[in-house]
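Trainee: work16.csv is reproduced below (CSV, C-alpha atoms).
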```
chain,number,residue,atom,x,y,z
A,98,MET,CA,-9.7,15.8,16.1
A,99,ILE,CA,-6.1,14.7,16.5
A,100,PHE,CA,-5.1,18.2,17.5
A,101,LEU,CA,-8.2,19.7,19.0
A,102,TYR,CA,-10.2,16.9,20.5
A,103,ALA,CA,-7.8,14.2,21.7
A,104,PRO,CA,-6.0,15.1,24.9
A,105,PRO,CA,-2.2,15.0,25.0
A,106,ASP,CA,-0.7,11.9,26.6
A,107,ALA,CA,0.2,12.3,30.3
A,108,THR,CA,3.7,10.8,30.0
A,109,GLN,CA,4.6,11.2,26.3
A,110,GLY,CA,3.1,14.7,25.7
A,111,GLU,CA,2.3,16.0,22.3
A,112,VAL,CA,4.4,13.6,20.3
A,113,GLN,CA,2.1,10.7,21.2
A,114,ARG,CA,-0.3,12.1,18.5
A,115,VAL,CA,1.9,10.4,15.9
A,116,PHE,CA,0.0,7.3,17.2
A,117,TYR,CA,-3.1,8.3,15.2
A,118,LEU,CA,-1.1,7.9,12.0
A,119,HIS,CA,1.1,5.0,13.1
A,120,LEU,CA,-1.7,2.6,14.2
A,121,PRO,CA,-4.0,2.9,11.1
A,122,ALA,CA,-1.0,2.6,8.8
A,123,ALA,CA,0.1,-0.6,10.7
A,124,TRP,CA,-3.4,-2.2,10.5
A,125,LEU,CA,-3.6,-1.4,6.8
A,126,ALA,CA,-0.2,-2.9,6.2
A,127,TYR,CA,-1.5,-6.1,7.8
A,128,ALA,CA,-4.8,-5.9,5.9
A,129,SER,CA,-2.9,-5.6,2.6
A,130,PHE,CA,-1.1,-8.8,3.3
A,131,PHE,CA,-4.3,-10.5,4.2
A,132,ILE,CA,-5.8,-9.4,0.8
A,133,ILE,CA,-2.6,-10.7,-0.9
A,134,PHE,CA,-2.9,-14.0,1.0
A,135,VAL,CA,-6.6,-14.5,0.1
A,136,SER,CA,-6.2,-13.4,-3.6
A,137,SER,CA,-3.1,-15.5,-4.0
A,138,ILE,CA,-4.9,-18.6,-2.9
A,139,LEU,CA,-7.8,-17.8,-5.2
A,140,TYR,CA,-5.3,-17.1,-8.1
A,141,LEU,CA,-3.6,-20.5,-7.6
A,142,LEU,CA,-6.9,-22.3,-7.3
A,143,ARG,CA,-8.8,-20.6,-10.2
A,144,GLY,CA,-6.0,-19.1,-12.3
A,145,THR,CA,-8.1,-15.9,-12.9
A,146,ALA,CA,-6.1,-12.8,-13.7
A,147,ARG,CA,-8.3,-10.5,-11.6
A,148,TRP,CA,-7.1,-12.2,-8.4
A,149,ASP,CA,-3.5,-11.6,-9.4
A,150,ARG,CA,-4.3,-8.0,-10.2
A,151,LEU,CA,-5.8,-7.6,-6.8
A,152,ALA,CA,-2.8,-9.1,-5.1
A,153,ARG,CA,-0.5,-6.8,-7.1
A,154,SER,CA,-2.5,-3.7,-6.2
A,155,ALA,CA,-2.6,-4.7,-2.5
A,156,ALA,CA,1.1,-5.4,-2.4
A,157,GLU,CA,2.0,-1.9,-3.6
A,158,LEU,CA,-0.3,-0.3,-1.0
A,159,GLY,CA,1.0,-2.7,1.7
A,160,PHE,CA,4.5,-1.6,0.8
A,161,ILE,CA,3.6,2.1,1.1
A,162,PHE,CA,1.8,1.6,4.5
A,163,THR,CA,4.6,-0.6,5.9
A,164,THR,CA,7.1,2.2,5.0
A,165,LEU,CA,4.8,4.7,6.8
A,166,VAL,CA,4.7,2.4,9.9
A,167,LEU,CA,8.5,2.1,10.0
A,168,LEU,CA,9.0,5.9,9.5
A,169,THR,CA,6.4,7.2,11.9
A,170,GLY,CA,7.4,4.6,14.4
A,171,SER,CA,11.0,5.7,14.1
A,172,ILE,CA,10.1,9.4,14.4
A,173,TRP,CA,7.9,8.6,17.5
A,174,GLY,CA,10.5,6.4,19.0
A,175,ARG,CA,13.4,8.9,18.9
A,176,PRO,CA,12.0,11.3,21.6
A,177,ILE,CA,10.5,8.5,23.7
A,178,TRP,CA,13.1,5.7,23.5
A,179,GLY,CA,16.1,8.0,22.7
A,180,THR,CA,16.9,6.1,19.5
A,181,TRP,CA,15.7,6.1,15.9
A,182,TRP,CA,15.9,2.3,15.6
A,183,THR,CA,16.4,-0.7,17.9
A,184,TRP,CA,16.4,-4.4,17.0
A,185,ASP,CA,13.3,-4.9,19.0
A,186,ALA,CA,11.1,-7.9,18.1
A,187,ARG,CA,8.1,-5.8,16.8
A,188,LEU,CA,10.4,-3.5,14.8
A,189,THR,CA,12.4,-6.3,13.4
A,190,THR,CA,9.4,-8.4,12.3
A,191,THR,CA,7.9,-5.3,10.7
A,192,LEU,CA,11.1,-4.7,8.8
A,193,ILE,CA,11.0,-8.3,7.7
A,194,LEU,CA,7.4,-7.6,6.4
A,195,TRP,CA,8.9,-4.6,4.4
A,196,PHE,CA,11.5,-6.9,2.9
A,197,ILE,CA,8.9,-9.5,2.0
A,198,TYR,CA,7.0,-6.9,0.1
A,199,LEU,CA,10.2,-5.8,-1.6
A,200,GLY,CA,10.9,-9.4,-2.5
A,201,TYR,CA,7.4,-9.8,-3.9
A,202,PHE,CA,8.1,-6.9,-6.4
A,203,LEU,CA,11.6,-8.2,-7.3
A,204,LEU,CA,10.2,-11.7,-7.9
A,205,ARG,CA,7.7,-10.3,-10.4
A,206,ALA,CA,10.2,-8.0,-12.0
A,207,TYR,CA,12.9,-10.7,-12.6
A,208,VAL,CA,10.8,-13.6,-13.8
A,209,SER,CA,10.5,-13.0,-17.6
A,210,ASP,CA,7.3,-15.0,-18.0
A,211,PRO,CA,4.4,-12.9,-16.4
A,212,GLU,CA,2.3,-16.0,-15.7
A,213,ARG,CA,5.1,-17.8,-14.0
A,214,GLY,CA,6.0,-14.6,-12.1
A,215,ALA,CA,2.4,-14.4,-10.9
A,216,ARG,CA,2.5,-18.0,-9.6
A,217,TYR,CA,5.8,-17.5,-7.8
A,218,ALA,CA,4.5,-14.2,-6.3
A,219,ALA,CA,1.3,-16.0,-5.2
A,220,VAL,CA,3.3,-18.6,-3.3
A,221,LEU,CA,5.4,-15.9,-1.7
A,222,GLY,CA,2.2,-14.0,-0.8
A,223,ILE,CA,0.9,-17.1,1.0
A,224,VAL,CA,4.1,-18.1,2.7
A,225,GLY,CA,4.9,-14.4,3.7
A,226,PHE,CA,1.6,-14.1,5.4
A,227,VAL,CA,3.1,-16.1,8.3
A,228,ASP,CA,4.9,-12.9,9.3
A,229,ILE,CA,1.6,-11.1,10.2
A,230,PRO,CA,0.6,-13.1,13.3
A,231,ILE,CA,4.3,-13.2,14.3
A,232,ILE,CA,4.3,-9.3,14.2
A,233,HIS,CA,1.1,-9.1,16.2
A,234,MET,CA,2.2,-11.6,18.9
A,235,SER,CA,5.8,-10.4,19.0
A,236,VAL,CA,5.1,-8.0,21.9
A,237,ARG,CA,3.6,-10.9,23.9
A,238,TRP,CA,6.2,-13.6,23.0
A,239,TRP,CA,9.3,-11.5,23.6
A,240,ARG,CA,10.4,-8.7,25.9
A,241,THR,CA,10.2,-5.6,23.8
A,242,LEU,CA,10.6,-1.9,24.0
A,243,HIS,CA,7.4,-1.6,21.9
A,244,PRO,CA,4.4,-1.2,24.1
A,245,GLN,CA,1.8,-4.0,24.5
A,246,PRO,CA,-1.4,-3.7,22.4
A,247,ILE,CA,-3.7,-1.1,23.9
A,248,VAL,CA,-6.6,-1.4,21.4
A,249,VAL,CA,-7.0,-5.1,20.5
A,250,ARG,CA,-7.0,-6.7,23.9
A,251,SER,CA,-9.2,-9.3,25.5
A,252,GLU,CA,-10.1,-6.9,28.3
A,253,GLY,CA,-11.1,-4.1,25.8
A,254,PRO,CA,-9.2,-0.9,24.7
A,255,ASN,CA,-7.1,0.6,27.4
A,256,MET,CA,-7.3,4.4,26.6
A,257,PRO,CA,-9.5,7.4,27.4
A,258,PRO,CA,-12.7,7.6,25.4
A,259,GLU,CA,-11.6,10.8,23.6
A,260,MET,CA,-8.4,9.1,22.4
A,261,LEU,CA,-10.3,6.0,21.4
A,262,ALA,CA,-12.9,8.0,19.4
A,263,THR,CA,-10.1,10.0,17.6
A,264,MET,CA,-8.3,6.7,16.9
A,265,LEU,CA,-11.5,5.2,15.4
A,266,VAL,CA,-12.2,8.3,13.2
A,267,THR,CA,-8.6,8.3,11.9
A,268,LEU,CA,-8.8,4.5,11.3
A,269,VAL,CA,-12.1,5.0,9.3
A,270,ALA,CA,-10.5,7.8,7.3
A,271,PHE,CA,-7.4,5.8,6.5
A,272,CYS,CA,-9.6,2.8,5.5
A,273,LEU,CA,-11.5,5.0,3.1
A,274,LEU,CA,-8.3,6.4,1.6
A,275,TYR,CA,-7.0,2.8,1.3
A,276,ILE,CA,-10.1,1.6,-0.5
A,277,PHE,CA,-9.9,4.6,-2.9
A,278,LEU,CA,-6.2,3.9,-3.6
A,279,LEU,CA,-6.9,0.2,-4.1
A,280,ILE,CA,-9.7,0.9,-6.6
A,281,ILE,CA,-7.4,3.3,-8.6
A,282,LYS,CA,-4.5,0.8,-8.5
A,283,TYR,CA,-6.7,-2.1,-9.6
A,284,ARG,CA,-7.9,-0.1,-12.6
A,285,ILE,CA,-4.3,0.8,-13.5
A,286,GLU,CA,-3.4,-2.9,-13.3
A,287,THR,CA,-6.4,-3.7,-15.5
A,288,THR,CA,-5.3,-1.1,-18.1
A,289,ARG,CA,-1.7,-2.4,-17.9
A,290,ASP,CA,-2.9,-6.0,-18.7
A,291,GLU,CA,-4.9,-4.6,-21.6
A,292,VAL,CA,-1.8,-2.8,-22.9
A,293,MET,CA,0.3,-6.0,-22.6
A,294,THR,CA,-2.4,-8.1,-24.4
A,295,LEU,CA,-2.6,-5.5,-27.2
A,296,ARG,CA,1.2,-5.3,-27.5
A,297,ALA,CA,1.4,-9.0,-27.6
A,298,ALA,CA,-1.2,-9.2,-30.3
A,299,LEU,CA,0.5,-6.5,-32.4
A,300,TYR,CA,4.1,-7.4,-32.0
A,301,GLY,CA,3.8,-11.1,-31.0
A,302,GLY,CA,4.9,-10.6,-27.3
A,303,GLU,CA,8.1,-8.7,-28.0
B,190,MET,CA,9.5,22.3,21.5
B,191,ASP,CA,11.5,19.2,20.5
B,192,ALA,CA,8.4,17.0,20.8
B,193,LEU,CA,6.5,19.3,18.5
B,194,TRP,CA,9.3,19.0,15.9
B,195,TYR,CA,9.0,15.2,16.0
B,196,LEU,CA,5.2,15.5,15.8
B,197,PHE,CA,5.5,17.8,12.7
B,198,ALA,CA,8.0,15.4,11.1
B,199,GLY,CA,5.7,12.4,11.6
B,200,PHE,CA,2.8,14.2,9.9
B,201,PHE,CA,5.0,15.7,7.2
B,202,VAL,CA,6.5,12.4,6.2
B,203,THR,CA,3.1,10.7,6.1
B,204,TRP,CA,1.5,13.2,3.8
B,205,LEU,CA,4.6,13.6,1.7
B,206,ILE,CA,4.7,9.9,1.0
B,207,LEU,CA,1.0,9.7,0.3
B,208,GLY,CA,1.2,12.8,-1.9
B,209,ILE,CA,4.1,11.4,-3.9
B,210,TYR,CA,2.3,8.0,-4.3
B,211,LEU,CA,-0.9,9.8,-5.5
B,212,PHE,CA,1.2,11.7,-8.0
B,213,SER,CA,2.9,8.5,-9.2
B,214,LEU,CA,-0.6,6.9,-9.7
B,215,ARG,CA,-1.7,9.9,-11.8
B,216,ARG,CA,1.5,9.6,-13.9
B,217,GLN,CA,0.9,5.8,-14.4
B,218,ILE,CA,-2.7,6.5,-15.6
B,219,GLU,CA,-1.5,9.1,-18.1
B,220,VAL,CA,1.3,6.9,-19.5
B,221,LEU,CA,-0.9,3.8,-19.8
B,222,ARG,CA,-3.8,5.8,-21.4
B,223,SER,CA,-1.6,7.3,-24.0
B,224,GLU,CA,0.1,3.9,-24.7
B,225,LEU,CA,-3.3,2.2,-25.0
B,226,ALA,CA,-4.6,4.9,-27.4
B,227,ALA,CA,-1.4,4.5,-29.5
B,228,LEU,CA,-1.7,0.7,-29.6
B,229,ARG,CA,-5.5,0.9,-30.5
B,230,GLY,CA,-4.7,3.4,-33.2
B,231,GLU,CA,-2.0,1.1,-34.5
B,232,ARG,CA,-4.3,-1.9,-34.5
B,233,GLY,CA,-6.9,0.2,-36.3
B,234,THR,CA,-4.4,1.2,-39.0
B,235,LEU,CA,-3.4,-2.5,-39.4
B,236,GLU,CA,-7.0,-3.4,-39.8
B,237,GLY,CA,-7.5,-0.7,-42.4
B,238,GLU,CA,-9.6,1.5,-40.2
B,239,PRO,CA,-8.9,5.2,-39.8
B,240,MET,CA,-7.4,6.2,-36.4
B,241,PRO,CA,-9.9,7.9,-34.0
B,242,GLU,CA,-7.8,11.1,-34.1
B,243,ALA,CA,-7.9,11.1,-37.9
B,244,LYS,CA,-11.7,10.6,-37.8
B,245,ALA,CA,-12.1,13.6,-35.5
B,246,VAL,CA,-10.0,15.8,-37.7
B,247,ARG,CA,-12.0,14.8,-40.8
B,248,ASP,CA,-15.3,15.5,-39.0
B,249,THR,CA,-14.3,19.0,-37.9
B,250,SER,CA,-12.8,20.0,-41.2
B,251,GLY,CA,-16.0,18.9,-43.0
B,252,SER,CA,-18.3,21.1,-40.9
```
Represent the structure of the file as structure tokens.
Mentor:
Amino acid sequence: MIFLYAPPDATQGEVQRVFYLHLPAAWLAYASFFIIFVSSILYLLRGTARWDRLARSAAELGFIFTTLVLLTGSIWGRPIWGTWWTWDARLTTTLILWFIYLGYFLLRAYVSDPERGARYAAVLGIVGFVDIPIIHMSVRWWRTLHPQPIVVRSEGPNMPPEMLATMLVTLVAFCLLYIFLLIIKYRIETTRDEVMTLRAALYGGE
Amino acid sequence: MDALWYLFAGFFVTWLILGIYLFSLRRQIEVLRSELAALRGERGTLEGEPMPEAKAVRDTSGS
């Protein structure tokens, strides 16, 4: 659909088709942080390991999708803006999101007690979520090179129906891929916890 | 032509990263499964039970 059904953009030409990867990746990067936010709250409230596992799994996927957003945005921006990177509000806040994800992993890796690490990471997951509305509103609050929202608008999407249909199909495909990856990652984290429990039982937590 | 190059680069990078990630998930599954099997075997030995692999060998040699 991206290449055969959707028409090329009148001003940007063929390179605009990167949009069909860039936008779903961005939404899934936000969705990941929303999952981390909710499961971190539930972990702190209930202390159940499965919420921490879900947050861990979503964090890894969020990191992958944020990396994709930054890379596809940079590749798309080069021919349109004439630069790979600019300290634009949307780009900078997205880069901050990437660093928050990185900090989340580092926090877990450097705290020796896994339970304490999970609690600290949950707090970062809740505090870090503040960046998501800032990213979304950045194009309205500041003058940016990044275009204004064209899909999520109060007046409705501002694009031809063929482009909108293609965008929705790619979004659904990306969501399905995301759910598949999240299930696999969650199972891996469950097995990892089982391995750690067994190891602790056998070697006394060495 | 230049625009097509950037379009190709965008798609290539996306699928490359997703492909590498899928491969890394597969590796993680393999490593964890083997570690889990080894730990279960070790626990079985400590509890005086024969390891699952040993059981399988004994069963096939008996037939």
Trainee: Please return, as number ranges by chain, all residues of chain A lying within 10 Å of chain B when all atoms listed in the file are considered.
Mentor: A: 109-119, 122, 157-158, 161-162, 164-166, 168-177, 274, 278, 281-282, 284-286, 288-289, 291-293, 295-296, 298-299
Trainee: With C-alpha atoms kept, could you save the residues just selected as a PDB file, keeping the file's coordinate frame?
Mentor:
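Full text of again37.pdb as output:
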```pdb
ATOM      1  CA  GLN A 109       4.600  11.200  26.300  1.00  0.00           C
ATOM      2  CA  GLY A 110       3.100  14.700  25.700  1.00  0.00           C
ATOM      3  CA  GLU A 111       2.300  16.000  22.300  1.00  0.00           C
ATOM      4  CA  VAL A 112       4.400  13.600  20.300  1.00  0.00           C
ATOM      5  CA  GLN A 113       2.100  10.700  21.200  1.00  0.00           C
ATOM      6  CA  ARG A 114      -0.300  12.100  18.500  1.00  0.00           C
ATOM      7  CA  VAL A 115       1.900  10.400  15.900  1.00  0.00           C
ATOM      8  CA  PHE A 116       0.000   7.300  17.200  1.00  0.00           C
ATOM      9  CA  TYR A 117      -3.100   8.300  15.200  1.00  0.00           C
ATOM     10  CA  LEU A 118      -1.100   7.900  12.000  1.00  0.00           C
ATOM     11  CA  HIS A 119       1.100   5.000  13.100  1.00  0.00           C
ATOM     12  CA  ALA A 122      -1.000   2.600   8.800  1.00  0.00           C
ATOM     13  CA  GLU A 157       2.000  -1.900  -3.600  1.00  0.00           C
ATOM     14  CA  LEU A 158      -0.300  -0.300  -1.000  1.00  0.00           C
ATOM     15  CA  ILE A 161       3.600   2.100   1.100  1.00  0.00           C
ATOM     16  CA  PHE A 162       1.800   1.600   4.500  1.00  0.00           C
ATOM     17  CA  THR A 164       7.100   2.200   5.000  1.00  0.00           C
ATOM     18  CA  LEU A 165       4.800   4.700   6.800  1.00  0.00           C
ATOM     19  CA  VAL A 166       4.700   2.400   9.900  1.00  0.00           C
ATOM     20  CA  LEU A 168       9.000   5.900   9.500  1.00  0.00           C
ATOM     21  CA  THR A 169       6.400   7.200  11.900  1.00  0.00           C
ATOM     22  CA  GLY A 170       7.400   4.600  14.400  1.00  0.00           C
ATOM     23  CA  SER A 171      11.000   5.700  14.100  1.00  0.00           C
ATOM     24  CA  ILE A 172      10.100   9.400  14.400  1.00  0.00           C
ATOM     25  CA  TRP A 173       7.900   8.600  17.500  1.00  0.00           C
ATOM     26  CA  GLY A 174      10.500   6.400  19.000  1.00  0.00           C
ATOM     27  CA  ARG A 175      13.400   8.900  18.900  1.00  0.00           C
ATOM     28  CA  PRO A 176      12.000  11.300  21.600  1.00  0.00           C
ATOM     29  CA  ILE A 177      10.500   8.500  23.700  1.00  0.00           C
ATOM     30  CA  LEU A 274      -8.300   6.400   1.600  1.00  0.00           C
ATOM     31  CA  LEU A 278      -6.200   3.900  -3.600  1.00  0.00           C
ATOM     32  CA  ILE A 281      -7.400   3.300  -8.600  1.00  0.00           C
ATOM     33  CA  LYS A 282      -4.500   0.800  -8.500  1.00  0.00           C
ATOM     34  CA  ARG A 284      -7.900  -0.100 -12.600  1.00  0.00           C
ATOM     35  CA  ILE A 285      -4.300   0.800 -13.500  1.00  0.00           C
ATOM     36  CA  GLU A 286      -3.400  -2.900 -13.300  1.00  0.00           C
ATOM     37  CA  THR A 288      -5.300  -1.100 -18.100  1.00  0.00           C
ATOM     38  CA  ARG A 289      -1.700  -2.400 -17.900  1.00  0.00           C
ATOM     39  CA  GLU A 291      -4.900  -4.600 -21.600  1.00  0.00           C
ATOM     40  CA  VAL A 292      -1.800  -2.800 -22.900  1.00  0.00           C
ATOM     41  CA  MET A 293       0.300  -6.000 -22.600  1.00  0.00           C
ATOM     42  CA  LEU A 295      -2.600  -5.500 -27.200  1.00  0.00           C
ATOM     43  CA  ARG A 296       1.200  -5.300 -27.500  1.00  0.00           C
ATOM     44  CA  ALA A 298      -1.200  -9.200 -30.300  1.00  0.00           C
ATOM     45  CA  LEU A 299       0.500  -6.500 -32.400  1.00  0.00           C
TER      46      LEU A 299
END
```
Trainee: As number ranges by chain, please: the residues near Asp185 in chain A (cut-off 12 Å, only C-alpha atoms, same-chain neighbours under 4 positions excluded).
Mentor: A: 171, 174, 178, 180-181, 189-192, 232, 235-236, 238-244
Trainee: Of the candidates A:Ala186, A:Ala126, A:Ile138, A:Ile133, which shows the shortest atom-to-atom distance to Phe160 in chain A, using only C-alpha atoms?
Mentor: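 For Phe160 in chain A, the nearest of the given residues is A:Ala126.
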Trainee: Have a look at CA of Asp228 in chain A and CA of Ile193 in chain A and let me know their distance in Å, one decimal.
Mentor: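 Interatomic distance, CA of Asp228 in chain A to CA of Ile193 in chain A: 7.8 Å.
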Trainee: Contacts of Gly200 in chain A at 12 Å or less, counting only C-alpha atoms, minus same-chain residues fewer than 6 places along, as a list in words?
Mentor: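 My list of contacting residues is Ala156, Glu157, Phe160, Ile193, Leu194, Ala206, Tyr207, Gly214, Tyr217, Ala218, Ala219, Val220, Leu221, Gly222 and Gly225 of chain A.
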Trainee: Would you save the residues of that selection, restricted to C-alpha atoms, as a PDB file, in the coordinates of the input?
Mentor:
```pdb
ATOM      1  CA  ALA A 156       1.100  -5.400  -2.400  1.00  0.00           C
ATOM      2  CA  GLU A 157       2.000  -1.900  -3.600  1.00  0.00           C
ATOM      3  CA  PHE A 160       4.500  -1.600   0.800  1.00  0.00           C
ATOM      4  CA  ILE A 193      11.000  -8.300   7.700  1.00  0.00           C
ATOM      5  CA  LEU A 194       7.400  -7.600   6.400  1.00  0.00           C
ATOM      6  CA  ALA A 206      10.200  -8.000 -12.000  1.00  0.00           C
ATOM      7  CA  TYR A 207      12.900 -10.700 -12.600  1.00  0.00           C
ATOM      8  CA  GLY A 214       6.000 -14.600 -12.100  1.00  0.00           C
ATOM      9  CA  TYR A 217       5.800 -17.500  -7.800  1.00  0.00           C
ATOM     10  CA  ALA A 218       4.500 -14.200  -6.300  1.00  0.00           C
ATOM     11  CA  ALA A 219       1.300 -16.000  -5.200  1.00  0.00           C
ATOM     12  CA  VAL A 220       3.300 -18.600  -3.300  1.00  0.00           C
ATOM     13  CA  LEU A 221       5.400 -15.900  -1.700  1.00  0.00           C
ATOM     14  CA  GLY A 222       2.200 -14.000  -0.800  1.00  0.00           C
ATOM     15  CA  GLY A 225       4.900 -14.400   3.700  1.00  0.00           C
TER      16      GLY A 225
END
```
